[in-house]
Structure formats: structure tokens, C-alpha cells
>>> print(open('target_10.tsv').read())   # TSV, C-alpha atoms and all ligand atoms
chain	number	residue	atom	x	y	z
F	1	MET	CA	-36.11	2.94	15.08
F	2	GLU	CA	-34.81	3.49	11.53
F	3	ARG	CA	-33.79	0.34	9.71
F	4	VAL	CA	-30.16	0.57	8.63
F	5	LEU	CA	-28.23	-2.00	6.65
F	6	GLN	CA	-24.58	-2.55	7.58
F	7	HIS	CA	-22.36	-3.48	4.62
F	8	GLY	CA	-19.00	-4.94	5.66
F	9	ARG	CA	-17.49	-5.23	9.10
F	10	LEU	CA	-16.92	-2.07	11.12
F	11	LEU	CA	-14.95	-1.33	14.29
F	12	PRO	CA	-16.50	-3.02	17.35
F	13	GLN	CA	-17.13	0.34	19.06
F	14	LEU	CA	-18.99	1.59	15.97
F	15	GLU	CA	-21.03	-1.61	15.66
F	16	GLN	CA	-21.98	-1.39	19.36
F	17	ALA	CA	-23.05	2.24	19.06
F	18	LEU	CA	-25.02	1.55	15.86
F	19	VAL	CA	-27.19	-1.14	17.46
F	20	ARG	CA	-28.02	1.20	20.35
F	21	GLU	CA	-29.42	3.87	18.01
F	22	PHE	CA	-30.70	2.05	14.93
F	23	ASP	CA	-32.34	-1.19	13.89
F	24	ILE	CA	-29.23	-2.72	12.29
F	25	THR	CA	-28.98	-5.75	9.98
F	26	ARG	CA	-25.53	-6.95	8.95
F	27	LEU	CA	-25.55	-7.94	5.30
F	28	HIS	CA	-22.29	-9.89	5.54
F	29	GLU	CA	-23.83	-12.15	8.18
F	30	GLN	CA	-26.55	-13.37	5.78
F	31	PRO	CA	-25.65	-16.74	4.21
F	32	GLU	CA	-26.35	-15.48	0.68
F	33	PRO	CA	-26.13	-11.69	0.97
F	34	MET	CA	-27.31	-10.64	-2.52
F	35	ALA	CA	-30.19	-13.16	-2.63
F	36	TRP	CA	-31.22	-12.05	0.87
F	37	LEU	CA	-31.04	-8.43	-0.22
F	38	ALA	CA	-33.29	-9.05	-3.22
F	39	ARG	CA	-36.00	-10.20	-0.78
F	40	HIS	CA	-35.46	-7.70	2.07
F	41	GLY	CA	-33.72	-4.66	0.51
F	42	ALA	CA	-36.86	-2.51	0.44
F	43	ALA	CA	-36.98	-2.40	4.24
F	44	PHE	CA	-33.90	-0.17	4.67
F	45	SER	CA	-33.79	3.63	4.69
F	46	GLY	CA	-30.11	3.83	5.72
F	47	LEU	CA	-26.84	2.16	4.76
F	48	VAL	CA	-23.70	2.19	6.88
F	49	THR	CA	-20.39	1.01	5.47
F	50	SER	CA	-16.74	2.02	5.12
F	51	ALA	CA	-14.43	3.60	2.56
F	52	ARG	CA	-12.82	0.17	2.19
F	53	VAL	CA	-16.06	-1.63	1.28
F	54	GLY	CA	-18.10	1.14	-0.36
F	55	ALA	CA	-21.34	0.56	-2.27
F	56	ASP	CA	-21.70	-0.23	-5.97
F	57	ARG	CA	-24.69	0.26	-8.23
F	58	ALA	CA	-25.93	-3.32	-7.78
F	59	LEU	CA	-26.10	-2.91	-4.01
F	60	LEU	CA	-27.73	0.53	-4.21
F	61	SER	CA	-30.33	-0.73	-6.70
F	62	ALA	CA	-31.28	-3.49	-4.29
F	63	LEU	CA	-32.18	-0.79	-1.72
F	64	PRO	CA	-35.15	1.04	-3.33
F	65	ALA	CA	-36.15	2.90	-0.13
F	66	LEU	CA	-32.61	4.07	0.66
F	67	ARG	CA	-32.40	7.72	1.78
F	68	VAL	CA	-28.93	8.09	3.29
F	69	VAL	CA	-25.49	6.42	3.32
F	70	SER	CA	-22.91	6.92	6.06
F	71	SER	CA	-19.34	5.79	5.45
F	72	PHE	CA	-16.40	5.30	7.80
F	73	GLY	CA	-13.48	7.00	6.03
F	74	VAL	CA	-12.68	10.00	3.87
F	75	GLY	CA	-12.13	8.20	0.53
F	76	PHE	CA	-15.17	7.57	-1.67
F	77	ASP	CA	-13.64	5.81	-4.67
F	78	THR	CA	-15.48	2.59	-3.74
F	79	PHE	CA	-18.90	4.26	-4.07
F	80	ASP	CA	-20.95	4.68	-7.22
F	81	LEU	CA	-21.47	8.44	-6.84
F	82	GLU	CA	-23.50	8.66	-10.03
F	83	ALA	CA	-26.00	6.11	-8.75
F	84	LEU	CA	-26.27	8.09	-5.49
F	85	ARG	CA	-26.68	11.45	-7.28
F	86	GLU	CA	-29.36	10.09	-9.61
F	87	ARG	CA	-31.47	9.31	-6.56
F	88	GLY	CA	-30.44	12.35	-4.45
F	89	ILE	CA	-29.02	10.14	-1.72
F	90	PRO	CA	-26.43	11.96	0.43
F	91	LEU	CA	-23.17	10.14	1.22
F	92	GLY	CA	-21.89	10.98	4.70
F	93	TYR	CA	-18.15	10.51	5.24
F	94	THR	CA	-15.43	11.44	7.74
F	95	PRO	CA	-13.14	14.19	6.42
F	96	ASP	CA	-10.89	16.46	8.50
F	97	VAL	CA	-10.85	14.40	11.71
F	98	LEU	CA	-8.14	12.15	10.23
F	99	ASN	CA	-5.93	14.81	8.57
F	100	ASP	CA	-3.37	15.03	11.35
F	101	CYS	CA	-2.88	11.31	11.90
F	102	VAL	CA	-2.62	10.56	8.18
F	103	ALA	CA	-0.12	13.41	7.76
F	104	ASP	CA	1.85	12.14	10.77
F	105	ALA	CA	1.94	8.67	9.21
F	106	ALA	CA	3.12	10.11	5.89
F	107	PHE	CA	6.01	11.75	7.68
F	108	GLY	CA	6.64	8.56	9.66
F	109	LEU	CA	6.98	6.61	6.40
F	110	LEU	CA	9.09	9.37	4.85
F	111	ILE	CA	11.56	9.49	7.73
F	112	ASP	CA	11.60	5.71	8.03
F	113	VAL	CA	12.38	4.99	4.40
F	114	ALA	CA	14.99	7.79	4.19
F	115	ARG	CA	16.73	7.10	7.50
F	116	GLY	CA	16.15	3.34	7.51
F	117	VAL	CA	14.35	3.05	10.86
F	118	CYS	CA	12.74	-0.35	10.15
F	119	LEU	CA	15.90	-1.50	8.39
F	120	ALA	CA	17.99	-0.44	11.41
F	121	ASP	CA	15.57	-2.22	13.71
F	122	ARG	CA	16.09	-5.45	11.74
F	123	PHE	CA	19.85	-4.80	11.83
F	124	VAL	CA	19.92	-4.51	15.62
F	125	ARG	CA	17.52	-7.39	16.31
F	126	SER	CA	19.33	-9.81	14.03
F	127	GLY	CA	22.65	-9.24	15.81
F	128	ALA	CA	24.19	-7.78	12.63
F	129	TRP	CA	25.36	-4.72	14.60
F	130	GLU	CA	27.83	-6.93	16.47
F	131	ARG	CA	29.49	-7.77	13.17
F	132	GLY	CA	29.64	-4.33	11.55
F	133	SER	CA	28.15	-0.85	11.30
F	134	PHE	CA	24.87	0.22	9.77
F	135	VAL	CA	24.75	1.77	6.29
F	136	SER	CA	24.65	5.54	5.77
F	137	THR	CA	21.16	6.78	5.02
F	138	THR	CA	19.55	9.89	3.47
F	139	ARG	CA	19.03	13.30	5.12
F	140	VAL	CA	15.42	14.49	5.38
F	141	SER	CA	15.80	18.08	6.67
F	142	GLY	CA	16.11	20.79	4.05
F	143	LYS	CA	15.07	18.51	1.17
F	144	ARG	CA	12.41	19.02	-1.52
F	145	LEU	CA	8.92	17.68	-0.90
F	146	GLY	CA	6.50	17.27	-3.80
F	147	ILE	CA	2.86	16.72	-2.79
F	148	VAL	CA	0.46	15.21	-5.31
F	149	GLY	CA	-3.00	16.38	-4.18
F	150	LEU	CA	-2.95	19.38	-1.87
F	151	GLY	CA	-6.30	18.79	-0.23
F	152	ARG	CA	-6.97	18.70	3.48
F	153	ILE	CA	-4.44	15.92	4.15
F	154	GLY	CA	-1.89	17.32	1.68
F	155	ARG	CA	-1.98	20.67	3.47
F	156	ALA	CA	-1.42	18.97	6.85
F	157	ILE	CA	1.63	17.25	5.30
F	158	ALA	CA	2.89	20.59	3.94
F	159	ARG	CA	2.58	22.16	7.42
F	160	ARG	CA	4.74	19.41	8.91
F	161	ALA	CA	7.37	19.94	6.22
F	162	THR	CA	8.07	23.47	7.48
F	163	GLY	CA	9.41	21.95	10.72
F	164	PHE	CA	11.94	20.06	8.60
F	165	ASP	CA	12.94	23.19	6.63
F	166	MET	CA	11.76	21.52	3.44
F	167	ALA	CA	10.89	23.29	0.20
F	168	VAL	CA	7.36	22.29	-0.83
F	169	ARG	CA	5.67	22.26	-4.23
F	170	TYR	CA	2.40	20.61	-5.16
F	171	HIS	CA	0.54	19.23	-8.14
F	172	ASN	CA	-3.25	19.64	-8.35
F	173	ARG	CA	-5.51	19.86	-11.36
F	174	ARG	CA	-6.04	23.52	-10.49
F	175	PRO	CA	-3.73	25.84	-8.50
F	176	LEU	CA	-5.12	26.87	-5.13
F	177	PRO	CA	-5.24	30.59	-4.28
F	178	ASP	CA	-3.32	32.18	-1.40
F	179	LEU	CA	-0.92	29.35	-0.62
F	180	PRO	CA	2.77	29.73	0.16
F	181	GLN	CA	3.63	26.51	-1.75
F	182	ALA	CA	4.29	26.69	-5.50
F	183	HIS	CA	1.87	24.91	-7.81
F	184	GLU	CA	3.53	22.64	-10.39
F	185	PRO	CA	1.10	21.92	-13.25
F	186	ASP	CA	3.33	19.20	-14.69
F	187	LEU	CA	3.49	16.01	-12.59
F	188	LEU	CA	6.70	14.88	-14.31
F	189	ALA	CA	8.37	18.20	-13.51
F	190	LEU	CA	7.31	17.85	-9.87
F	191	ALA	CA	8.77	14.33	-9.72
F	192	ARG	CA	12.01	15.55	-11.33
F	193	TRP	CA	12.28	18.38	-8.78
F	194	ALA	CA	11.30	16.39	-5.65
F	195	ASP	CA	13.48	14.33	-3.32
F	196	PHE	CA	10.27	12.98	-1.76
F	197	LEU	CA	7.03	12.61	-3.72
F	198	VAL	CA	4.04	12.16	-1.42
F	199	LEU	CA	0.68	10.99	-2.78
F	200	ALA	CA	-2.30	12.55	-1.02
F	201	ALA	CA	-4.72	12.75	-3.95
F	202	SER	CA	-8.23	11.31	-4.18
F	203	ALA	CA	-8.54	8.14	-6.19
F	204	GLY	CA	-10.97	7.58	-9.03
F	205	PRO	CA	-11.07	6.44	-12.64
F	206	GLY	CA	-9.20	9.55	-13.91
F	207	ALA	CA	-6.35	9.06	-11.42
F	208	ASP	CA	-5.75	5.33	-11.89
F	209	GLY	CA	-2.05	4.56	-12.37
F	210	MET	CA	-1.10	8.26	-12.55
F	211	ILE	CA	2.25	7.32	-10.99
F	212	GLY	CA	3.73	5.08	-13.68
F	213	ALA	CA	7.18	4.19	-15.00
F	214	GLU	CA	7.75	7.66	-16.47
F	215	VAL	CA	7.02	9.51	-13.22
F	216	LEU	CA	9.21	7.05	-11.30
F	217	ARG	CA	12.07	7.62	-13.75
F	218	ALA	CA	11.63	11.37	-13.24
F	219	LEU	CA	11.76	10.93	-9.45
F	220	GLY	CA	15.08	9.23	-9.99
F	221	PRO	CA	17.59	7.07	-8.10
F	222	GLN	CA	17.83	9.50	-5.13
F	223	GLY	CA	14.05	9.96	-4.92
F	224	PHE	CA	11.49	8.38	-2.59
F	225	LEU	CA	7.77	7.78	-3.12
F	226	ILE	CA	5.34	7.92	-0.18
F	227	ASN	CA	1.73	6.79	-0.63
F	228	ILE	CA	-0.88	7.33	2.05
F	229	ALA	CA	-3.74	7.85	-0.45
F	230	ARG	CA	-4.78	4.83	-2.53
F	231	GLY	CA	-2.89	1.99	-4.20
F	232	SER	CA	-4.81	2.56	-7.43
F	233	LEU	CA	-2.92	5.84	-8.01
F	234	VAL	CA	0.24	3.83	-8.67
F	235	ASP	CA	1.13	1.35	-11.40
F	236	GLU	CA	2.37	-1.15	-8.82
F	237	ALA	CA	4.21	-3.40	-11.26
F	238	ALA	CA	6.19	-0.35	-12.43
F	239	LEU	CA	6.86	0.59	-8.80
F	240	VAL	CA	8.16	-2.89	-7.92
F	241	ALA	CA	10.44	-2.78	-10.98
F	242	ALA	CA	11.67	0.72	-10.06
F	243	LEU	CA	12.44	-0.34	-6.48
F	244	ARG	CA	14.23	-3.47	-7.67
F	245	ASP	CA	16.48	-1.89	-10.26
F	246	GLY	CA	17.23	1.35	-8.40
F	247	THR	CA	15.18	3.63	-10.67
F	248	ILE	CA	14.02	5.20	-7.37
F	249	ALA	CA	15.71	5.00	-3.95
F	250	GLY	CA	12.77	3.69	-1.97
F	251	ALA	CA	9.10	3.86	-1.05
F	252	GLY	CA	6.94	4.17	2.05
F	253	LEU	CA	3.54	2.62	1.44
F	254	ASP	CA	0.39	2.51	3.54
F	255	VAL	CA	-1.83	1.51	0.61
F	256	PHE	CA	-1.58	-1.05	-2.17
F	257	ALA	CA	-3.22	-2.22	-5.37
F	258	ARG	CA	-4.58	-5.26	-3.48
F	259	GLU	CA	-5.19	-5.29	0.26
F	260	PRO	CA	-4.42	-7.17	2.41
F	261	ASP	CA	-2.90	-9.71	-0.02
F	262	ILE	CA	-0.21	-7.36	-1.32
F	263	ASP	CA	2.20	-8.17	-4.12
F	264	PRO	CA	4.70	-10.58	-2.46
F	265	ALA	CA	7.54	-8.90	-4.37
F	266	LEU	CA	7.14	-5.87	-2.06
F	267	ARG	CA	7.79	-7.98	1.03
F	268	ALA	CA	11.16	-9.07	-0.27
F	269	LEU	CA	12.47	-5.53	-0.87
F	270	ASP	CA	14.56	-3.76	1.76
F	271	ASN	CA	14.11	-0.27	0.30
F	272	VAL	CA	10.39	-0.19	1.03
F	273	VAL	CA	8.55	0.38	4.31
F	274	LEU	CA	5.09	-1.18	4.50
F	275	MET	CA	2.09	-0.26	6.66
F	276	PRO	CA	-1.24	-2.15	6.65
F	277	HIS	CA	-3.47	0.75	5.46
F	278	ALA	CA	-3.38	2.14	8.98
F	279	ALA	CA	-2.43	5.81	8.54
F	280	SER	CA	-5.62	7.02	10.21
F	281	ALA	CA	-5.78	4.17	12.71
F	282	THR	CA	-5.03	5.84	16.03
F	283	ARG	CA	-7.44	5.39	18.91
F	284	GLU	CA	-8.13	9.13	18.99
F	285	THR	CA	-8.86	9.50	15.27
F	286	ARG	CA	-10.87	6.27	15.15
F	287	ALA	CA	-13.07	7.62	17.98
F	288	ASP	CA	-13.62	10.87	16.04
F	289	MET	CA	-14.43	8.94	12.85
F	290	VAL	CA	-16.91	6.71	14.71
F	291	ALA	CA	-18.59	9.81	16.18
F	292	LEU	CA	-18.93	11.39	12.73
F	293	VAL	CA	-20.38	8.23	11.11
F	294	LEU	CA	-23.05	8.24	13.83
F	295	GLU	CA	-23.64	12.00	13.64
F	296	ASN	CA	-24.12	11.82	9.87
F	297	LEU	CA	-26.81	9.14	10.22
F	298	ARG	CA	-28.45	10.65	13.29
F	299	GLY	CA	-28.51	14.13	11.77
F	300	PHE	CA	-30.12	12.91	8.58
F	301	PHE	CA	-32.89	11.01	10.33
F	302	ALA	CA	-33.52	13.90	12.77
F	303	SER	CA	-33.41	16.86	10.37
F	304	GLY	CA	-32.71	15.60	6.84
F	305	ARG	CA	-29.19	17.07	7.06
F	306	VAL	CA	-25.96	15.06	6.85
F	307	ALA	CA	-23.27	16.96	8.82
F	308	ARG	CA	-20.42	16.01	6.46
F	309	ALA	CA	-21.56	14.82	3.04
F	310	VAL	CA	-19.41	14.16	-0.03
F	311	PRO	CA	-19.78	17.33	-2.16
F	312	GLY	CA	-22.39	16.96	-4.85
F	313	THR	CA	-24.31	14.19	-3.08
F	314	ALA	CA	-26.29	16.36	-0.67
F	315	ASP	CA	-27.88	19.03	-2.84
T	1	LIG	C1	-9.54	3.93	6.60
T	1	LIG	C2	-9.14	5.43	4.59
T	1	LIG	O1	-8.64	3.23	7.38
T	1	LIG	O2	-10.50	7.20	5.32
T	1	LIG	C3	-10.13	6.52	4.37
T	1	LIG	O3	-10.53	6.71	3.23
T	1	LIG	O4	-8.59	4.91	3.68
T	1	LIG	C4	-8.78	5.04	5.99
T	1	LIG	O5	-8.91	6.10	6.86
T	1	LIG	C5	-10.31	2.94	5.84
T	1	LIG	O6	-10.39	3.07	4.48
T	1	LIG	C6	-11.69	2.88	6.43
T	1	LIG	O7	-12.50	2.05	5.72
>>> encode(input="target_10.tsv", output="C-alpha cells")
Amino acid sequence: MERVLQHGRLLPQLEQALVREFDITRLHEQPEPMAWLARHGAAFSGLVTSARVGADRALLSALPALRVVSSFGVGFDTFDLEALRERGIPLGYTPDVLNDCVADAAFGLLIDVARGVCLADRFVRSGAWERGSFVSTTRVSGKRLGIVGLGRIGRAIARRATGFDMAVRYHNRRPLPDLPQAHEPDLLALARWADFLVLAASAGPGADGMIGAEVLRALGPQGFLINIARGSLVDEAALVAALRDGTIAGAGLDVFAREPDIDPALRALDNVVLMPHAASATRETRADMVALVLENLRGFFASGRVARAVPGTAD
């Protein structure tokens, strides 16, 4: 059996499947993980982890015999890709299988923050309805949707928008050919145009804080921000300020600068809907992600081929 190191906790069903197929050691269960790794790191040919935990250069250097990494999740901003490329180590991940559920969650947040679903729920539960009527909210249908990052998930969001008769434009570094949606090269112009700005871009050093005070001002007092990508894309202090002083109308957030200990200021705001980084967390999608993490590892050890590898890490 191949020796595989597990870095960070994984779903119970994935952990159970891993121990059936591989000789697994859980790094986080060692009393002093990095000291332990310095002594035993050379024994492992595989690493299994998640998009949340990732693998930095220090960890990868402590695994001199490493040949493959398999990650639970589509994001790879927590991995040192350069360190992997230098050694020709493929990084398996789980794209596509989560597109629909993440796009559904984006629309859930969008409708919730515009129509006040969570707010209305609090209104009914607290008995406030017996003392007066609920506030008027914002129409979703027919509005303008700006998508930052029209990748696999962004396109699934755009497809859903057609059912709401929304006009869709997107911002990517490069325009994509043969798409019905208009490309907007200027992020500020997209924010100015949009009623709803949805973040579906990959995170990374170049994208850190791309949504700052200026973009939020451009989105404006009738505009809503939805983030199902990564908290690092947003200058969160600027977002909190914009939500507080009405620079934007509201936000629907699945991801945050710090998780799970989010900025307490967000909890106190009524014009924000919060999810615990759970956009992909349906039973069906989790099962598909688990299957792909296993397939990526299994495939590599059987044939040297990772079924779904992060581009540029498998050549
Ligand atoms: C996961 C995610 O919930 O796939 C990703 O990149 O952010 C989510 O689907 C989580 O990060 C898994 O570790």
C-alpha cells in the first residue's frame, strides 16, 4: 500500500475511504507535527489535504519522496504551486463537480440579501410581524448581474441568471470567445453598471483585495456584493465600512478574510447574509468531491495520471 500523509481533517467518509485504499498517517494527530515530519517525511509518496488547508513550501520540502498531492476542493490559493512545479508534482483537485451547488448558493445569497429572506425569518420569529409589516425589499428579476471571474462556476451563475431575465456582463483578465455575455475590461465600470456584483474569481497574490473601497463606491447604494469565491478578494474593512454607511445596499457572503472567526462587525449588520463557507457543501456534491479526491490519488499510483490536475502542475 502507498504511504499517504493526510494534512488537516477531512470529511469522515473521505477519511474512511482513504484508510481502506492507502497507508494513511494523519499529520495533525502527531503531538508535534513539524518535528515529527522532519523525522518521518521521507516515507510518504502521496499527500492528501483540502483547499482550506493547502500545502506550503515548508511542508512540501519536508516530503522529499512526494510524487502526488490530492486536494479536496477547487481552489488552490493555499498551495505553493511554484514548489510543486519545481519538482513536477501534480496537484489533483475537484473542479466541475461543485459548479452547480456553488452557483445555486450564489443565487441563494443574492435572493436572500435582496429580498430579505433571513431578515424576514428573524422578523417572523421575533414576533415583530404582530406589531407591524415587513420592510419593502429589492426586486431581483430583470436586474443587472456583474460576474467577476467567468470560469466554470461563473458560467453556471450566468446560466441561472437567464431564468431571472437578468442582463449579464463579466470581468476577466481576458475576454472569452463565443459567449453571449459582454466582457467588461474595467472592473470599476462593471461595478458601476451592476445591481449585483458576484465574485467567482480564483484567489491568489494578484487578486488580493481587488474589491476595495473604490469598487464598492462604484457599486453604489442600490448595489449588492455576493462572494462565493474567497475572502481574500475583498478588502473586508472597506466592505464593513461600506455596509455600515450605506455605500452599498448589502452583501451575501460565503467566504471571509478569516474563517471561522469572522470579523464580529459583520455579525451585527442586518444588510448582510452570512454562510459558513458552505456553498459546495451538499451531500451530493460532497460525495462527488470525495470520489474525485480518491480517483486522483488512485489514478496516479496506478498509471501515473491524475484525472483532474491543476493546470501546469501535471506536465
Ligand atoms: C470547500 C472550496 O468547502 O472547493 C473549494 O475551493 O472553497 C469549498 O468547496 C473547501 O474549501 C474544501 O476545503
>>> closest_residue(input="target_10.tsv", among="F:Gln6, F:Gln30, F:Ser50, F:Asn99", to="ligand LIG 1 (chain T)", atoms="only C-alpha atoms and all ligand atoms")
F:Ser50
>>> atom_distance(input="target_10.tsv", atom1="atom CA of F:Arg87", atom2="atom CA of F:Ser61")
10.1 Å
>>> closest_atom_pairs(input="target_10.tsv", of="chain F", to="ligand LIG 1 (chain T)", cutoff="10 Å", atoms="only C-alpha atoms and all ligand atoms", output="CSV")
residue,atom,partner,partner_atom,distance
F:Gly8,CA,T:LIG1,O7,9.5
F:Arg9,CA,T:LIG1,O7,9.5
F:Leu10,CA,T:LIG1,O7,8.1
F:Leu11,CA,T:LIG1,C6,9.5
F:Thr49,CA,T:LIG1,O7,8.0
F:Ser50,CA,T:LIG1,O7,4.3
F:Ala51,CA,T:LIG1,O7,4.0
F:Arg52,CA,T:LIG1,O7,4.0
F:Val53,CA,T:LIG1,O7,6.8
F:Gly54,CA,T:LIG1,O7,8.3
F:Ser71,CA,T:LIG1,O7,7.8
F:Phe72,CA,T:LIG1,C6,5.5
F:Gly73,CA,T:LIG1,O2,3.1
F:Val74,CA,T:LIG1,O2,3.8
F:Gly75,CA,T:LIG1,O3,3.5
F:Phe76,CA,T:LIG1,O3,6.8
F:Asp77,CA,T:LIG1,O3,8.5
F:Thr78,CA,T:LIG1,O3,9.5
F:Tyr93,CA,T:LIG1,O2,8.3
F:Thr94,CA,T:LIG1,O2,6.9
F:Pro95,CA,T:LIG1,O2,7.6
F:Asp96,CA,T:LIG1,O2,9.8
F:Val97,CA,T:LIG1,O2,9.6
F:Leu98,CA,T:LIG1,O5,7.0
F:Asn99,CA,T:LIG1,O5,9.4
F:Cys101,CA,T:LIG1,O5,9.4
F:Val102,CA,T:LIG1,O5,7.8
F:Ser202,CA,T:LIG1,O3,9.0
F:Ala203,CA,T:LIG1,O3,9.7
F:Ile228,CA,T:LIG1,O4,8.2
F:Ala229,CA,T:LIG1,O4,7.0
F:Arg230,CA,T:LIG1,O4,7.3
F:Asp254,CA,T:LIG1,O4,9.3
F:Val255,CA,T:LIG1,O4,8.2
F:Pro276,CA,T:LIG1,O1,9.2
F:His277,CA,T:LIG1,O1,6.0
F:Ala278,CA,T:LIG1,O1,5.6
F:Ala279,CA,T:LIG1,O5,6.7
F:Ser280,CA,T:LIG1,O5,4.8
F:Ala281,CA,T:LIG1,O1,6.1
F:Thr282,CA,T:LIG1,O1,9.7
F:Thr285,CA,T:LIG1,O5,9.1
F:Arg286,CA,T:LIG1,O5,8.5
F:Met289,CA,T:LIG1,O5,8.6
>>> write_last_selection(input="target_10.tsv", atoms="C-alpha atoms", output="PDB file, in the frame of the given file")
ATOM      1  CA  GLY F   8     -19.000  -4.940   5.660  1.00  0.00           C
ATOM      2  CA  ARG F   9     -17.490  -5.230   9.100  1.00  0.00           C
ATOM      3  CA  LEU F  10     -16.920  -2.070  11.120  1.00  0.00           C
ATOM      4  CA  LEU F  11     -14.950  -1.330  14.290  1.00  0.00           C
ATOM      5  CA  THR F  49     -20.390   1.010   5.470  1.00  0.00           C
ATOM      6  CA  SER F  50     -16.740   2.020   5.120  1.00  0.00           C
ATOM      7  CA  ALA F  51     -14.430   3.600   2.560  1.00  0.00           C
ATOM      8  CA  ARG F  52     -12.820   0.170   2.190  1.00  0.00           C
ATOM      9  CA  VAL F  53     -16.060  -1.630   1.280  1.00  0.00           C
ATOM     10  CA  GLY F  54     -18.100   1.140  -0.360  1.00  0.00           C
ATOM     11  CA  SER F  71     -19.340   5.790   5.450  1.00  0.00           C
ATOM     12  CA  PHE F  72     -16.400   5.300   7.800  1.00  0.00           C
ATOM     13  CA  GLY F  73     -13.480   7.000   6.030  1.00  0.00           C
ATOM     14  CA  VAL F  74     -12.680  10.000   3.870  1.00  0.00           C
ATOM     15  CA  GLY F  75     -12.130   8.200   0.530  1.00  0.00           C
ATOM     16  CA  PHE F  76     -15.170   7.570  -1.670  1.00  0.00           C
ATOM     17  CA  ASP F  77     -13.640   5.810  -4.670  1.00  0.00           C
ATOM     18  CA  THR F  78     -15.480   2.590  -3.740  1.00  0.00           C
ATOM     19  CA  TYR F  93     -18.150  10.510   5.240  1.00  0.00           C
ATOM     20  CA  THR F  94     -15.430  11.440   7.740  1.00  0.00           C
ATOM     21  CA  PRO F  95     -13.140  14.190   6.420  1.00  0.00           C
ATOM     22  CA  ASP F  96     -10.890  16.460   8.500  1.00  0.00           C
ATOM     23  CA  VAL F  97     -10.850  14.400  11.710  1.00  0.00           C
ATOM     24  CA  LEU F  98      -8.140  12.150  10.230  1.00  0.00           C
ATOM     25  CA  ASN F  99      -5.930  14.810   8.570  1.00  0.00           C
ATOM     26  CA  CYS F 101      -2.880  11.310  11.900  1.00  0.00           C
ATOM     27  CA  VAL F 102      -2.620  10.560   8.180  1.00  0.00           C
ATOM     28  CA  SER F 202      -8.230  11.310  -4.180  1.00  0.00           C
ATOM     29  CA  ALA F 203      -8.540   8.140  -6.190  1.00  0.00           C
ATOM     30  CA  ILE F 228      -0.880   7.330   2.050  1.00  0.00           C
ATOM     31  CA  ALA F 229      -3.740   7.850  -0.450  1.00  0.00           C
ATOM     32  CA  ARG F 230      -4.780   4.830  -2.530  1.00  0.00           C
ATOM     33  CA  ASP F 254       0.390   2.510   3.540  1.00  0.00           C
ATOM     34  CA  VAL F 255      -1.830   1.510   0.610  1.00  0.00           C
ATOM     35  CA  PRO F 276      -1.240  -2.150   6.650  1.00  0.00           C
ATOM     36  CA  HIS F 277      -3.470   0.750   5.460  1.00  0.00           C
ATOM     37  CA  ALA F 278      -3.380   2.140   8.980  1.00  0.00           C
ATOM     38  CA  ALA F 279      -2.430   5.810   8.540  1.00  0.00           C
ATOM     39  CA  SER F 280      -5.620   7.020  10.210  1.00  0.00           C
ATOM     40  CA  ALA F 281      -5.780   4.170  12.710  1.00  0.00           C
ATOM     41  CA  THR F 282      -5.030   5.840  16.030  1.00  0.00           C
ATOM     42  CA  THR F 285      -8.860   9.500  15.270  1.00  0.00           C
ATOM     43  CA  ARG F 286     -10.870   6.270  15.150  1.00  0.00           C
ATOM     44  CA  MET F 289     -14.430   8.940  12.850  1.00  0.00           C
TER      45      MET F 289
END
>>> closest_residue(input="target_10.tsv", among="F:Ala265, F:Ala114, F:Ala161, F:Ala103", to="F:Ile248", atoms="only C-alpha atoms")
F:Ala114
>>> atom_distance(input="target_10.tsv", atom1="atom CA of F:Pro205", atom2="atom CA of F:Glu259")
18.4 Å
>>> residues_around(input="target_10.tsv", residues="F:Glu21", least_positions_apart="4", cutoff="9 Å", atoms="only C-alpha atoms", output="count of residues only")
5
>>> closest_residue(input="target_10.tsv", among="F:Phe301, F:Arg125, F:Glu214, F:Pro177", to="F:Phe22", atoms="only C-alpha atoms")
F:Phe301
>>> closest_atom_pairs(input="target_10.tsv", of="stretch 194-223 of chain F", to="stretch 138-141 of chain F", cutoff="10 Å", atoms="only C-alpha atoms", output="CSV")
residue,atom,partner,partner_atom,distance
F:Asp195,CA,F:Val140,CA,8.9
F:Phe196,CA,F:Val140,CA,8.9
F:Gln222,CA,F:Thr138,CA,8.8
>>> residues_around(input="target_10.tsv", residues="F:Ala251", least_positions_apart="5", cutoff="12 Å", atoms="only C-alpha atoms", output="PyMOL selection string")
chain F and resi 106+108-116+195-199+216+219+221-228+234+236+239-240+242-244+246+256+266+269-275
>>> atom_distance(input="target_10.tsv", atom1="atom CA of F:Arg258", atom2="atom CA of F:His7")
19.6 Å
>>> closest_residue(input="target_10.tsv", among="F:Ala120, F:Leu84, F:Ala309, F:Gly146", to="F:Leu297", atoms="only C-alpha atoms")
F:Ala309
>>> residues_around(input="target_10.tsv", residues="F:Asn172", least_positions_apart="5", cutoff="7 Å", atoms="only C-alpha atoms", output="list in words")
Val148, Gly149, Leu150 and Pro185 of chain F
>>> axis_aligned_box(input="target_10.tsv", around="stretch 275-288 of chain F", padding_each_side="6 Å", output="lines of an AutoDock Vina configuration file")
center_x = -5.8
center_y = 4.4
center_z = 12.2
size_x = 27.7
size_y = 25.0
size_z = 25.5
>>> closest_residue(input="target_10.tsv", among="F:Glu32, F:Asp263, F:Val48, F:Asp104", to="F:Val19", atoms="only C-alpha atoms")
F:Val48
>>> closest_residue(input="target_10.tsv", among="F:Val117, F:Met210, F:Leu187, F:Ala287", to="F:Tyr170", atoms="all atoms listed in the file")
F:Leu187
